[in-house]
file data.cif (mmCIF, N, CA and C atoms)
data_upload
#
loop_
_atom_site.label_atom_id
_atom_site.label_comp_id
_atom_site.auth_asym_id
_atom_site.auth_seq_id
_atom_site.Cartn_x
_atom_site.Cartn_y
_atom_site.Cartn_z
N ALA A 1 1.70 -26.23 8.18
CA ALA A 1 1.48 -27.52 7.55
C ALA A 1 1.01 -28.55 8.58
N ALA A 2 1.63 -28.51 9.78
CA ALA A 2 1.23 -29.47 10.81
C ALA A 2 -0.21 -29.24 11.23
N GLY A 3 -0.61 -27.98 11.37
CA GLY A 3 -1.98 -27.65 11.73
C GLY A 3 -2.98 -28.10 10.68
N HIS A 4 -2.65 -27.90 9.41
CA HIS A 4 -3.53 -28.34 8.33
C HIS A 4 -3.67 -29.86 8.32
N ASP A 5 -2.57 -30.56 8.59
CA ASP A 5 -2.62 -32.01 8.65
C ASP A 5 -3.54 -32.47 9.78
N MET A 6 -3.43 -31.81 10.93
CA MET A 6 -4.28 -32.17 12.06
C MET A 6 -5.75 -31.89 11.74
N LEU A 7 -6.02 -30.75 11.09
CA LEU A 7 -7.39 -30.42 10.71
C LEU A 7 -7.96 -31.48 9.76
N SER A 8 -7.15 -31.91 8.81
CA SER A 8 -7.62 -32.91 7.85
C SER A 8 -7.90 -34.26 8.52
N ASN A 9 -7.35 -34.46 9.71
CA ASN A 9 -7.60 -35.69 10.48
C ASN A 9 -8.68 -35.50 11.54
N GLY A 10 -9.41 -34.39 11.45
CA GLY A 10 -10.55 -34.17 12.32
C GLY A 10 -10.26 -33.52 13.66
N HIS A 11 -9.05 -33.03 13.86
CA HIS A 11 -8.70 -32.38 15.13
C HIS A 11 -8.98 -30.89 15.06
N SER A 12 -9.28 -30.31 16.22
CA SER A 12 -9.47 -28.86 16.28
C SER A 12 -8.12 -28.18 16.51
N VAL A 13 -7.88 -27.11 15.76
CA VAL A 13 -6.61 -26.40 15.82
C VAL A 13 -6.89 -24.91 15.88
N ARG A 14 -6.14 -24.22 16.71
CA ARG A 14 -6.23 -22.76 16.79
C ARG A 14 -4.86 -22.17 16.49
N TYR A 15 -4.81 -21.28 15.51
CA TYR A 15 -3.58 -20.55 15.17
C TYR A 15 -3.68 -19.16 15.77
N GLU A 16 -2.64 -18.73 16.43
CA GLU A 16 -2.65 -17.41 17.08
C GLU A 16 -1.24 -16.84 17.08
N ARG A 17 -1.10 -15.58 16.72
CA ARG A 17 0.19 -14.90 16.90
C ARG A 17 0.32 -14.56 18.38
N VAL A 18 1.53 -14.69 18.91
CA VAL A 18 1.75 -14.48 20.34
C VAL A 18 1.30 -13.08 20.76
N GLY A 19 1.62 -12.06 19.96
CA GLY A 19 1.21 -10.70 20.29
C GLY A 19 -0.30 -10.57 20.41
N ARG A 20 -1.03 -11.19 19.50
CA ARG A 20 -2.50 -11.15 19.53
C ARG A 20 -3.04 -11.92 20.73
N LEU A 21 -2.43 -13.04 21.04
CA LEU A 21 -2.83 -13.83 22.20
C LEU A 21 -2.70 -13.00 23.47
N LEU A 22 -1.56 -12.33 23.63
CA LEU A 22 -1.35 -11.51 24.82
C LEU A 22 -2.34 -10.35 24.86
N ASP A 23 -2.69 -9.78 23.69
CA ASP A 23 -3.72 -8.74 23.64
C ASP A 23 -5.05 -9.28 24.14
N ARG A 24 -5.40 -10.49 23.73
CA ARG A 24 -6.66 -11.11 24.19
C ARG A 24 -6.65 -11.26 25.71
N PHE A 25 -5.52 -11.71 26.25
CA PHE A 25 -5.42 -11.84 27.71
C PHE A 25 -5.62 -10.49 28.39
N ARG A 26 -4.96 -9.46 27.89
CA ARG A 26 -5.06 -8.12 28.49
C ARG A 26 -6.49 -7.59 28.46
N HIS A 27 -7.20 -7.84 27.36
CA HIS A 27 -8.57 -7.33 27.23
C HIS A 27 -9.52 -7.93 28.25
N THR A 28 -9.19 -9.11 28.77
CA THR A 28 -10.08 -9.69 29.78
C THR A 28 -10.07 -8.87 31.06
N PHE A 29 -9.04 -8.06 31.26
CA PHE A 29 -8.95 -7.23 32.46
C PHE A 29 -9.49 -5.82 32.23
N SER A 30 -9.58 -5.40 30.97
CA SER A 30 -10.00 -4.02 30.71
C SER A 30 -11.34 -3.91 30.00
N ASP A 31 -11.88 -5.01 29.50
CA ASP A 31 -13.12 -4.97 28.73
C ASP A 31 -14.07 -6.03 29.28
N ARG A 32 -15.15 -5.58 29.90
CA ARG A 32 -16.09 -6.54 30.51
C ARG A 32 -16.66 -7.51 29.49
N ASP A 33 -16.81 -7.09 28.24
CA ASP A 33 -17.37 -7.96 27.21
C ASP A 33 -16.39 -9.05 26.77
N ALA A 34 -15.13 -8.94 27.13
CA ALA A 34 -14.12 -9.92 26.71
C ALA A 34 -14.15 -11.17 27.58
N GLY A 35 -14.97 -11.20 28.63
CA GLY A 35 -15.00 -12.35 29.53
C GLY A 35 -13.87 -12.26 30.54
N ASP A 36 -13.61 -13.38 31.22
CA ASP A 36 -12.51 -13.35 32.17
C ASP A 36 -11.39 -14.26 31.69
N ILE A 37 -10.26 -14.13 32.32
CA ILE A 37 -9.06 -14.85 31.88
C ILE A 37 -9.25 -16.36 31.99
N ASP A 38 -9.97 -16.83 33.01
CA ASP A 38 -10.20 -18.27 33.16
C ASP A 38 -11.03 -18.82 32.00
N GLU A 39 -12.05 -18.05 31.56
CA GLU A 39 -12.85 -18.46 30.41
C GLU A 39 -11.97 -18.58 29.17
N LEU A 40 -11.09 -17.62 29.00
CA LEU A 40 -10.22 -17.61 27.83
C LEU A 40 -9.26 -18.80 27.87
N PHE A 41 -8.71 -19.13 29.03
CA PHE A 41 -7.84 -20.29 29.15
C PHE A 41 -8.61 -21.57 28.83
N ARG A 42 -9.85 -21.68 29.31
CA ARG A 42 -10.66 -22.86 29.01
C ARG A 42 -10.94 -22.95 27.51
N TRP A 43 -11.20 -21.80 26.88
CA TRP A 43 -11.48 -21.78 25.44
C TRP A 43 -10.26 -22.28 24.66
N TYR A 44 -9.08 -21.76 24.96
CA TYR A 44 -7.87 -22.24 24.29
C TYR A 44 -7.61 -23.70 24.62
N GLY A 45 -7.94 -24.11 25.82
CA GLY A 45 -7.74 -25.50 26.22
C GLY A 45 -8.64 -26.47 25.48
N GLY A 46 -9.71 -25.97 24.87
CA GLY A 46 -10.64 -26.83 24.14
C GLY A 46 -10.13 -27.27 22.77
N PHE A 47 -9.05 -26.71 22.32
CA PHE A 47 -8.49 -27.09 21.02
C PHE A 47 -7.49 -28.22 21.19
N HIS A 48 -7.55 -29.18 20.29
CA HIS A 48 -6.60 -30.29 20.33
C HIS A 48 -5.17 -29.77 20.18
N ALA A 49 -5.00 -28.76 19.33
CA ALA A 49 -3.66 -28.19 19.11
C ALA A 49 -3.76 -26.67 19.09
N LEU A 50 -2.78 -26.04 19.66
CA LEU A 50 -2.67 -24.59 19.66
C LEU A 50 -1.35 -24.24 18.99
N GLU A 51 -1.43 -23.44 17.93
CA GLU A 51 -0.23 -23.00 17.21
C GLU A 51 0.03 -21.54 17.57
N LEU A 52 1.19 -21.28 18.14
CA LEU A 52 1.58 -19.91 18.49
C LEU A 52 2.70 -19.48 17.56
N ASP A 53 2.49 -18.39 16.87
CA ASP A 53 3.43 -17.91 15.88
C ASP A 53 4.14 -16.65 16.36
N ASP A 54 5.35 -16.48 15.92
CA ASP A 54 6.14 -15.26 16.15
C ASP A 54 6.48 -15.01 17.60
N LEU A 55 6.78 -16.06 18.36
CA LEU A 55 7.27 -15.84 19.72
C LEU A 55 8.62 -15.15 19.64
N GLY A 56 8.75 -14.05 20.31
CA GLY A 56 9.97 -13.28 20.27
C GLY A 56 9.84 -12.00 19.47
N LEU A 57 8.79 -11.91 18.66
CA LEU A 57 8.57 -10.70 17.87
C LEU A 57 8.01 -9.58 18.73
N THR A 58 7.08 -9.92 19.60
CA THR A 58 6.47 -8.95 20.51
C THR A 58 7.37 -8.78 21.73
N PRO A 59 7.70 -7.54 22.10
CA PRO A 59 8.52 -7.36 23.31
C PRO A 59 7.80 -7.92 24.53
N PRO A 60 8.49 -8.72 25.33
CA PRO A 60 7.84 -9.35 26.48
C PRO A 60 7.63 -8.38 27.64
N THR A 61 6.56 -8.62 28.36
CA THR A 61 6.33 -7.94 29.63
C THR A 61 6.25 -9.03 30.69
N LYS A 62 6.53 -8.68 31.92
CA LYS A 62 6.46 -9.66 33.00
C LYS A 62 5.07 -10.27 33.07
N TRP A 63 4.07 -9.43 32.92
CA TRP A 63 2.69 -9.87 32.96
C TRP A 63 2.41 -10.87 31.84
N GLY A 64 2.79 -10.52 30.62
CA GLY A 64 2.54 -11.38 29.47
C GLY A 64 3.27 -12.70 29.57
N VAL A 65 4.52 -12.65 30.01
CA VAL A 65 5.32 -13.86 30.17
C VAL A 65 4.66 -14.79 31.18
N GLY A 66 4.15 -14.22 32.26
CA GLY A 66 3.49 -15.04 33.28
C GLY A 66 2.28 -15.79 32.74
N TYR A 67 1.43 -15.08 32.01
CA TYR A 67 0.23 -15.73 31.48
C TYR A 67 0.56 -16.71 30.35
N LEU A 68 1.54 -16.40 29.53
CA LEU A 68 1.94 -17.32 28.47
C LEU A 68 2.54 -18.59 29.08
N THR A 69 3.35 -18.44 30.12
CA THR A 69 3.93 -19.60 30.80
C THR A 69 2.83 -20.45 31.42
N THR A 70 1.82 -19.81 32.01
CA THR A 70 0.70 -20.55 32.59
C THR A 70 -0.05 -21.33 31.51
N LEU A 71 -0.28 -20.70 30.36
CA LEU A 71 -0.96 -21.38 29.26
C LEU A 71 -0.16 -22.60 28.81
N ILE A 72 1.14 -22.45 28.68
CA ILE A 72 2.00 -23.57 28.27
C ILE A 72 1.96 -24.68 29.32
N ASP A 73 2.04 -24.31 30.60
CA ASP A 73 1.95 -25.30 31.69
C ASP A 73 0.66 -26.09 31.61
N GLU A 74 -0.45 -25.39 31.39
CA GLU A 74 -1.75 -26.08 31.33
C GLU A 74 -1.81 -27.04 30.17
N ARG A 75 -1.29 -26.65 29.02
CA ARG A 75 -1.31 -27.55 27.86
C ARG A 75 -0.43 -28.77 28.12
N ILE A 76 0.72 -28.57 28.75
CA ILE A 76 1.59 -29.70 29.07
C ILE A 76 0.89 -30.63 30.05
N ALA A 77 0.30 -30.07 31.11
CA ALA A 77 -0.39 -30.88 32.12
C ALA A 77 -1.56 -31.67 31.53
N ASP A 78 -2.25 -31.07 30.54
CA ASP A 78 -3.39 -31.72 29.92
C ASP A 78 -2.99 -32.66 28.79
N GLY A 79 -1.71 -32.70 28.44
CA GLY A 79 -1.27 -33.53 27.33
C GLY A 79 -1.73 -33.00 25.99
N ALA A 80 -2.02 -31.71 25.93
CA ALA A 80 -2.51 -31.09 24.70
C ALA A 80 -1.33 -30.64 23.83
N ARG A 81 -1.54 -30.60 22.56
CA ARG A 81 -0.48 -30.22 21.63
C ARG A 81 -0.31 -28.70 21.59
N LEU A 82 0.94 -28.32 21.49
CA LEU A 82 1.30 -26.91 21.37
C LEU A 82 2.44 -26.81 20.36
N MET A 83 2.24 -25.98 19.35
CA MET A 83 3.28 -25.74 18.35
C MET A 83 3.66 -24.27 18.43
N VAL A 84 4.94 -24.00 18.56
CA VAL A 84 5.41 -22.63 18.72
C VAL A 84 6.44 -22.34 17.63
N ALA A 85 6.22 -21.27 16.89
CA ALA A 85 7.18 -20.84 15.88
C ALA A 85 7.94 -19.63 16.42
N THR A 86 9.26 -19.71 16.35
CA THR A 86 10.11 -18.65 16.84
C THR A 86 11.37 -18.59 15.99
N ASN A 87 12.05 -17.47 16.05
CA ASN A 87 13.30 -17.36 15.30
C ASN A 87 14.48 -17.17 16.25
N PHE A 88 14.45 -17.83 17.40
CA PHE A 88 15.53 -17.72 18.38
C PHE A 88 16.80 -18.46 17.93
N ALA A 89 16.75 -19.26 16.88
CA ALA A 89 17.90 -20.07 16.49
C ALA A 89 18.83 -19.33 15.54
N SER A 90 20.11 -19.65 15.66
CA SER A 90 21.10 -19.15 14.71
C SER A 90 21.34 -20.20 13.64
N ALA A 91 21.99 -19.81 12.56
CA ALA A 91 22.28 -20.76 11.48
C ALA A 91 23.15 -21.92 11.99
N GLU A 92 24.09 -21.61 12.87
CA GLU A 92 24.96 -22.67 13.41
C GLU A 92 24.16 -23.68 14.23
N GLU A 93 23.21 -23.18 15.00
CA GLU A 93 22.38 -24.08 15.81
C GLU A 93 21.51 -24.96 14.92
N LEU A 94 21.03 -24.39 13.83
CA LEU A 94 20.25 -25.19 12.89
C LEU A 94 21.07 -26.34 12.34
N GLU A 95 22.32 -26.07 12.02
CA GLU A 95 23.19 -27.10 11.47
C GLU A 95 23.57 -28.15 12.50
N SER A 96 23.82 -27.72 13.73
CA SER A 96 24.31 -28.65 14.76
C SER A 96 23.19 -29.33 15.55
N GLY A 97 22.00 -28.75 15.51
CA GLY A 97 20.89 -29.30 16.28
C GLY A 97 20.95 -28.94 17.75
N MET A 98 21.82 -28.03 18.14
CA MET A 98 21.97 -27.62 19.54
C MET A 98 20.83 -26.69 19.93
N ILE A 99 20.30 -26.87 21.14
CA ILE A 99 19.23 -25.99 21.58
C ILE A 99 19.61 -25.12 22.77
N GLY A 100 20.80 -25.28 23.31
CA GLY A 100 21.22 -24.47 24.46
C GLY A 100 21.12 -22.99 24.20
N GLY A 101 21.54 -22.54 23.02
CA GLY A 101 21.45 -21.13 22.68
C GLY A 101 20.02 -20.64 22.59
N LEU A 102 19.13 -21.52 22.18
CA LEU A 102 17.70 -21.16 22.12
C LEU A 102 17.17 -20.84 23.51
N VAL A 103 17.49 -21.70 24.46
CA VAL A 103 17.03 -21.49 25.83
C VAL A 103 17.60 -20.19 26.38
N ASP A 104 18.88 -19.96 26.14
CA ASP A 104 19.50 -18.73 26.62
C ASP A 104 18.85 -17.49 26.02
N ARG A 105 18.68 -17.48 24.69
CA ARG A 105 18.09 -16.31 24.03
C ARG A 105 16.63 -16.11 24.42
N ALA A 106 15.88 -17.20 24.46
CA ALA A 106 14.47 -17.09 24.86
C ALA A 106 14.38 -16.62 26.30
N GLY A 107 15.29 -17.11 27.15
CA GLY A 107 15.28 -16.75 28.56
C GLY A 107 15.65 -15.30 28.81
N GLU A 108 16.44 -14.69 27.92
CA GLU A 108 16.85 -13.29 28.11
C GLU A 108 15.66 -12.36 28.25
N GLY A 109 14.70 -12.48 27.38
CA GLY A 109 13.55 -11.59 27.44
C GLY A 109 12.31 -12.24 28.03
N TRP A 110 12.19 -13.54 27.80
CA TRP A 110 10.95 -14.21 28.17
C TRP A 110 11.06 -14.99 29.46
N GLY A 111 12.24 -15.07 30.03
CA GLY A 111 12.42 -15.72 31.32
C GLY A 111 12.73 -17.20 31.21
N ALA A 112 13.54 -17.66 32.14
CA ALA A 112 13.94 -19.06 32.15
C ALA A 112 12.76 -20.03 32.30
N PRO A 113 11.76 -19.74 33.13
CA PRO A 113 10.65 -20.70 33.24
C PRO A 113 9.96 -20.98 31.91
N LEU A 114 9.70 -19.94 31.13
CA LEU A 114 9.06 -20.14 29.83
C LEU A 114 10.03 -20.84 28.88
N ALA A 115 11.27 -20.40 28.83
CA ALA A 115 12.25 -20.96 27.89
C ALA A 115 12.49 -22.44 28.15
N THR A 116 12.63 -22.82 29.41
CA THR A 116 12.91 -24.22 29.70
C THR A 116 11.70 -25.11 29.40
N ARG A 117 10.51 -24.59 29.51
CA ARG A 117 9.32 -25.36 29.15
C ARG A 117 9.25 -25.56 27.63
N LEU A 118 9.55 -24.51 26.89
CA LEU A 118 9.46 -24.60 25.43
C LEU A 118 10.49 -25.55 24.83
N PHE A 119 11.65 -25.64 25.46
CA PHE A 119 12.73 -26.44 24.89
C PHE A 119 13.12 -27.62 25.78
N ASP A 120 12.14 -28.18 26.50
CA ASP A 120 12.35 -29.29 27.42
C ASP A 120 12.41 -30.61 26.66
N THR A 121 13.51 -30.86 25.98
CA THR A 121 13.65 -32.09 25.20
C THR A 121 14.06 -33.29 26.05
N ARG A 122 14.53 -33.07 27.25
CA ARG A 122 15.02 -34.17 28.10
C ARG A 122 13.91 -35.06 28.63
N THR A 123 12.73 -34.50 28.91
CA THR A 123 11.66 -35.31 29.48
C THR A 123 10.79 -35.96 28.42
N GLY A 124 11.00 -35.61 27.17
CA GLY A 124 10.17 -36.17 26.10
C GLY A 124 8.88 -35.40 25.89
N THR A 125 8.68 -34.32 26.65
CA THR A 125 7.48 -33.51 26.51
C THR A 125 7.53 -32.67 25.24
N VAL A 126 8.73 -32.25 24.85
CA VAL A 126 8.90 -31.33 23.73
C VAL A 126 9.74 -31.97 22.64
N ARG A 127 9.34 -31.71 21.43
CA ARG A 127 10.16 -32.09 20.28
C ARG A 127 10.42 -30.82 19.48
N VAL A 128 11.69 -30.48 19.34
CA VAL A 128 12.08 -29.29 18.58
C VAL A 128 12.24 -29.70 17.13
N VAL A 129 11.54 -28.98 16.26
CA VAL A 129 11.60 -29.25 14.83
C VAL A 129 12.19 -28.03 14.16
N TRP A 130 13.25 -28.23 13.40
CA TRP A 130 13.91 -27.12 12.70
C TRP A 130 13.27 -26.96 11.33
N CYS A 131 12.93 -25.76 10.99
CA CYS A 131 12.41 -25.45 9.66
C CYS A 131 13.51 -24.69 8.93
N GLU A 132 14.04 -25.29 7.91
CA GLU A 132 15.13 -24.67 7.18
C GLU A 132 14.67 -24.03 5.88
N ALA A 133 13.37 -23.87 5.74
CA ALA A 133 12.83 -23.27 4.52
C ALA A 133 13.23 -21.80 4.45
N ALA A 134 13.34 -21.31 3.24
CA ALA A 134 13.66 -19.91 3.02
C ALA A 134 12.51 -19.04 3.52
N ASN A 135 12.81 -17.85 3.93
CA ASN A 135 11.81 -16.90 4.41
C ASN A 135 10.90 -16.49 3.25
N TYR A 136 9.63 -16.82 3.35
CA TYR A 136 8.71 -16.49 2.26
C TYR A 136 8.53 -14.99 2.10
N ARG A 137 8.74 -14.24 3.17
CA ARG A 137 8.63 -12.77 3.07
C ARG A 137 9.76 -12.17 2.23
N MET A 138 10.81 -12.95 2.05
CA MET A 138 11.94 -12.51 1.24
C MET A 138 11.90 -13.14 -0.14
N GLY A 139 10.72 -13.61 -0.54
CA GLY A 139 10.57 -14.22 -1.86
C GLY A 139 11.15 -15.61 -1.95
N GLY A 140 11.31 -16.27 -0.80
CA GLY A 140 11.82 -17.64 -0.78
C GLY A 140 13.30 -17.72 -1.08
N LYS A 141 14.02 -16.62 -0.94
CA LYS A 141 15.45 -16.62 -1.29
C LYS A 141 16.35 -16.58 -0.08
N GLY A 142 15.80 -16.82 1.10
CA GLY A 142 16.64 -16.88 2.30
C GLY A 142 16.67 -15.69 3.05
#
call {"tool": "encode", "arguments": {"input": "data.cif", "output": "structure tokens"}}
result
Amino acid sequence: AAGHDMLSNGHSVRYERVGRLLDRFRHTFSDRDAGDIDELFRWYGGFHALELDDLGLTPPTKWGVGYLTTLIDERIADGARLMVATNFASAEELESGMIGGLVDRAGEGWGAPLATRLFDTRTGTVRVVWCEAANYRMGGKG
């Protein structure tokens, strides 16, 4: 919904599943026609907003975590928008608004550097938005 709102206001938005994004990064090293990783970072950097979906669904690799963390760092440094959808939260955290558990769970597989960047609410760089909608894959019944 946020991406559609931005599009309707004339902003460029790119939606990407994290697994597919990491595949694109990997292909720059194995497929000459895929370009190089710097070109790909510049291409993603050209969008006003980047929406990353399903963080945590794809098993992390050290390599993938490194490049994803770099992409997040670049967007933060450029003041560009980044929206990340993940299911690292528990029902209790949703009710209390606590994010400590999110950082811990995200950090377990994805590393503390990535987790602390994603949930950095202290500096004002990040705003965590809870979506309490029912899972549409379950017919909207929770």
call {"tool": "resolve_selection", "arguments": {"input": "data.cif", "expression": "the PyMOL selection byres ((chain A and resi 61-77) around 7)", "output": "compact mmCIF listing (two decimals) with N, CA and C atoms, keeping the file's coordinate frame"}}
result
# COMPACT_ATOMS: atom_id res chain seq x y z
N LEU A 22 -1.56 -12.33 23.63
CA LEU A 22 -1.35 -11.51 24.82
C LEU A 22 -2.34 -10.35 24.86
N PHE A 41 -8.71 -19.13 29.03
CA PHE A 41 -7.84 -20.29 29.15
C PHE A 41 -8.61 -21.57 28.83
N GLY A 45 -7.94 -24.11 25.82
CA GLY A 45 -7.74 -25.50 26.22
C GLY A 45 -8.64 -26.47 25.48
N THR A 58 7.08 -9.92 19.60
CA THR A 58 6.47 -8.95 20.51
C THR A 58 7.37 -8.78 21.73
N PRO A 59 7.70 -7.54 22.10
CA PRO A 59 8.52 -7.36 23.31
C PRO A 59 7.80 -7.92 24.53
N PRO A 60 8.49 -8.72 25.33
CA PRO A 60 7.84 -9.35 26.48
C PRO A 60 7.63 -8.38 27.64
N ASP A 78 -2.25 -31.07 30.54
CA ASP A 78 -3.39 -31.72 29.92
C ASP A 78 -2.99 -32.66 28.79
N GLY A 79 -1.71 -32.70 28.44
CA GLY A 79 -1.27 -33.53 27.33
C GLY A 79 -1.73 -33.00 25.99
N ALA A 80 -2.02 -31.71 25.93
CA ALA A 80 -2.51 -31.09 24.70
C ALA A 80 -1.33 -30.64 23.83
N ARG A 81 -1.54 -30.60 22.56
CA ARG A 81 -0.48 -30.22 21.63
C ARG A 81 -0.31 -28.70 21.59
N LEU A 82 0.94 -28.32 21.49
CA LEU A 82 1.30 -26.91 21.37
C LEU A 82 2.44 -26.81 20.36
N GLY A 109 14.70 -12.48 27.38
CA GLY A 109 13.55 -11.59 27.44
C GLY A 109 12.31 -12.24 28.03
N TRP A 110 12.19 -13.54 27.80
CA TRP A 110 10.95 -14.21 28.17
C TRP A 110 11.06 -14.99 29.46
N PRO A 113 11.76 -19.74 33.13
CA PRO A 113 10.65 -20.70 33.24
C PRO A 113 9.96 -20.98 31.91
N LEU A 114 9.70 -19.94 31.13
CA LEU A 114 9.06 -20.14 29.83
C LEU A 114 10.03 -20.84 28.88
call {"tool": "resolve_selection", "arguments": {"input": "data.cif", "expression": "the PyMOL selection byres ((chain A and resi 3-19) around 8)", "output": "list of chain:residue names"}}
result
A:Ala1, A:Ala2, A:Arg20, A:Leu21, A:Leu22, A:Asp23, A:Arg24, A:Phe25, A:Tyr44, A:Gly46, A:Phe47, A:His48, A:Ala49, A:Leu50, A:Glu51, A:Leu52, A:Asp53, A:Asp54, A:Leu55, A:Gly56, A:Leu57, A:Thr58, A:Pro59
call {"tool": "write_last_selection", "arguments": {"input": "data.cif", "atoms": "N, CA and C atoms", "output": "CSV table (one decimal), keeping the file's coordinate frame"}}
result
chain,number,residue,atom,x,y,z
A,1,ALA,N,1.7,-26.2,8.2
A,1,ALA,CA,1.5,-27.5,7.6
A,1,ALA,C,1.0,-28.6,8.6
A,2,ALA,N,1.6,-28.5,9.8
A,2,ALA,CA,1.2,-29.5,10.8
A,2,ALA,C,-0.2,-29.2,11.2
A,20,ARG,N,-1.0,-11.2,19.5
A,20,ARG,CA,-2.5,-11.2,19.5
A,20,ARG,C,-3.0,-11.9,20.7
A,21,LEU,N,-2.4,-13.0,21.0
A,21,LEU,CA,-2.8,-13.8,22.2
A,21,LEU,C,-2.7,-13.0,23.5
A,22,LEU,N,-1.6,-12.3,23.6
A,22,LEU,CA,-1.4,-11.5,24.8
A,22,LEU,C,-2.3,-10.4,24.9
A,23,ASP,N,-2.7,-9.8,23.7
A,23,ASP,CA,-3.7,-8.7,23.6
A,23,ASP,C,-5.0,-9.3,24.1
A,24,ARG,N,-5.4,-10.5,23.7
A,24,ARG,CA,-6.7,-11.1,24.2
A,24,ARG,C,-6.6,-11.3,25.7
A,25,PHE,N,-5.5,-11.7,26.2
A,25,PHE,CA,-5.4,-11.8,27.7
A,25,PHE,C,-5.6,-10.5,28.4
A,44,TYR,N,-9.1,-21.8,25.0
A,44,TYR,CA,-7.9,-22.2,24.3
A,44,TYR,C,-7.6,-23.7,24.6
A,46,GLY,N,-9.7,-26.0,24.9
A,46,GLY,CA,-10.6,-26.8,24.1
A,46,GLY,C,-10.1,-27.3,22.8
A,47,PHE,N,-9.0,-26.7,22.3
A,47,PHE,CA,-8.5,-27.1,21.0
A,47,PHE,C,-7.5,-28.2,21.2
A,48,HIS,N,-7.6,-29.2,20.3
A,48,HIS,CA,-6.6,-30.3,20.3
A,48,HIS,C,-5.2,-29.8,20.2
A,49,ALA,N,-5.0,-28.8,19.3
A,49,ALA,CA,-3.7,-28.2,19.1
A,49,ALA,C,-3.8,-26.7,19.1
A,50,LEU,N,-2.8,-26.0,19.7
A,50,LEU,CA,-2.7,-24.6,19.7
A,50,LEU,C,-1.4,-24.2,19.0
A,51,GLU,N,-1.4,-23.4,17.9
A,51,GLU,CA,-0.2,-23.0,17.2
A,51,GLU,C,0.0,-21.5,17.6
A,52,LEU,N,1.2,-21.3,18.1
A,52,LEU,CA,1.6,-19.9,18.5
A,52,LEU,C,2.7,-19.5,17.6
A,53,ASP,N,2.5,-18.4,16.9
A,53,ASP,CA,3.4,-17.9,15.9
A,53,ASP,C,4.1,-16.6,16.4
A,54,ASP,N,5.4,-16.5,15.9
A,54,ASP,CA,6.1,-15.3,16.2
A,54,ASP,C,6.5,-15.0,17.6
A,55,LEU,N,6.8,-16.1,18.4
A,55,LEU,CA,7.3,-15.8,19.7
A,55,LEU,C,8.6,-15.2,19.6
A,56,GLY,N,8.8,-14.0,20.3
A,56,GLY,CA,10.0,-13.3,20.3
A,56,GLY,C,9.8,-12.0,19.5
A,57,LEU,N,8.8,-11.9,18.7
A,57,LEU,CA,8.6,-10.7,17.9
A,57,LEU,C,8.0,-9.6,18.7
A,58,THR,N,7.1,-9.9,19.6
A,58,THR,CA,6.5,-9.0,20.5
A,58,THR,C,7.4,-8.8,21.7
A,59,PRO,N,7.7,-7.5,22.1
A,59,PRO,CA,8.5,-7.4,23.3
A,59,PRO,C,7.8,-7.9,24.5
call {"tool": "select_by_dssp", "arguments": {"input": "data.cif", "residues": "range 21-76 of chain A", "states": "strand (DSSP E or B)", "output": "PyMOL selection string"}}
result
chain A and resi 49-55
call {"tool": "atom_distance", "arguments": {"input": "data.cif", "atom1": "CA of Val126 in chain A", "atom2": "CA of Arg26 in chain A"}}
result
27.5 Å
call {"tool": "atom_distance", "arguments": {"input": "data.cif", "atom1": "atom N of Arg127 in chain A", "atom2": "atom N of Met83 in chain A"}}
result
9.4 Å
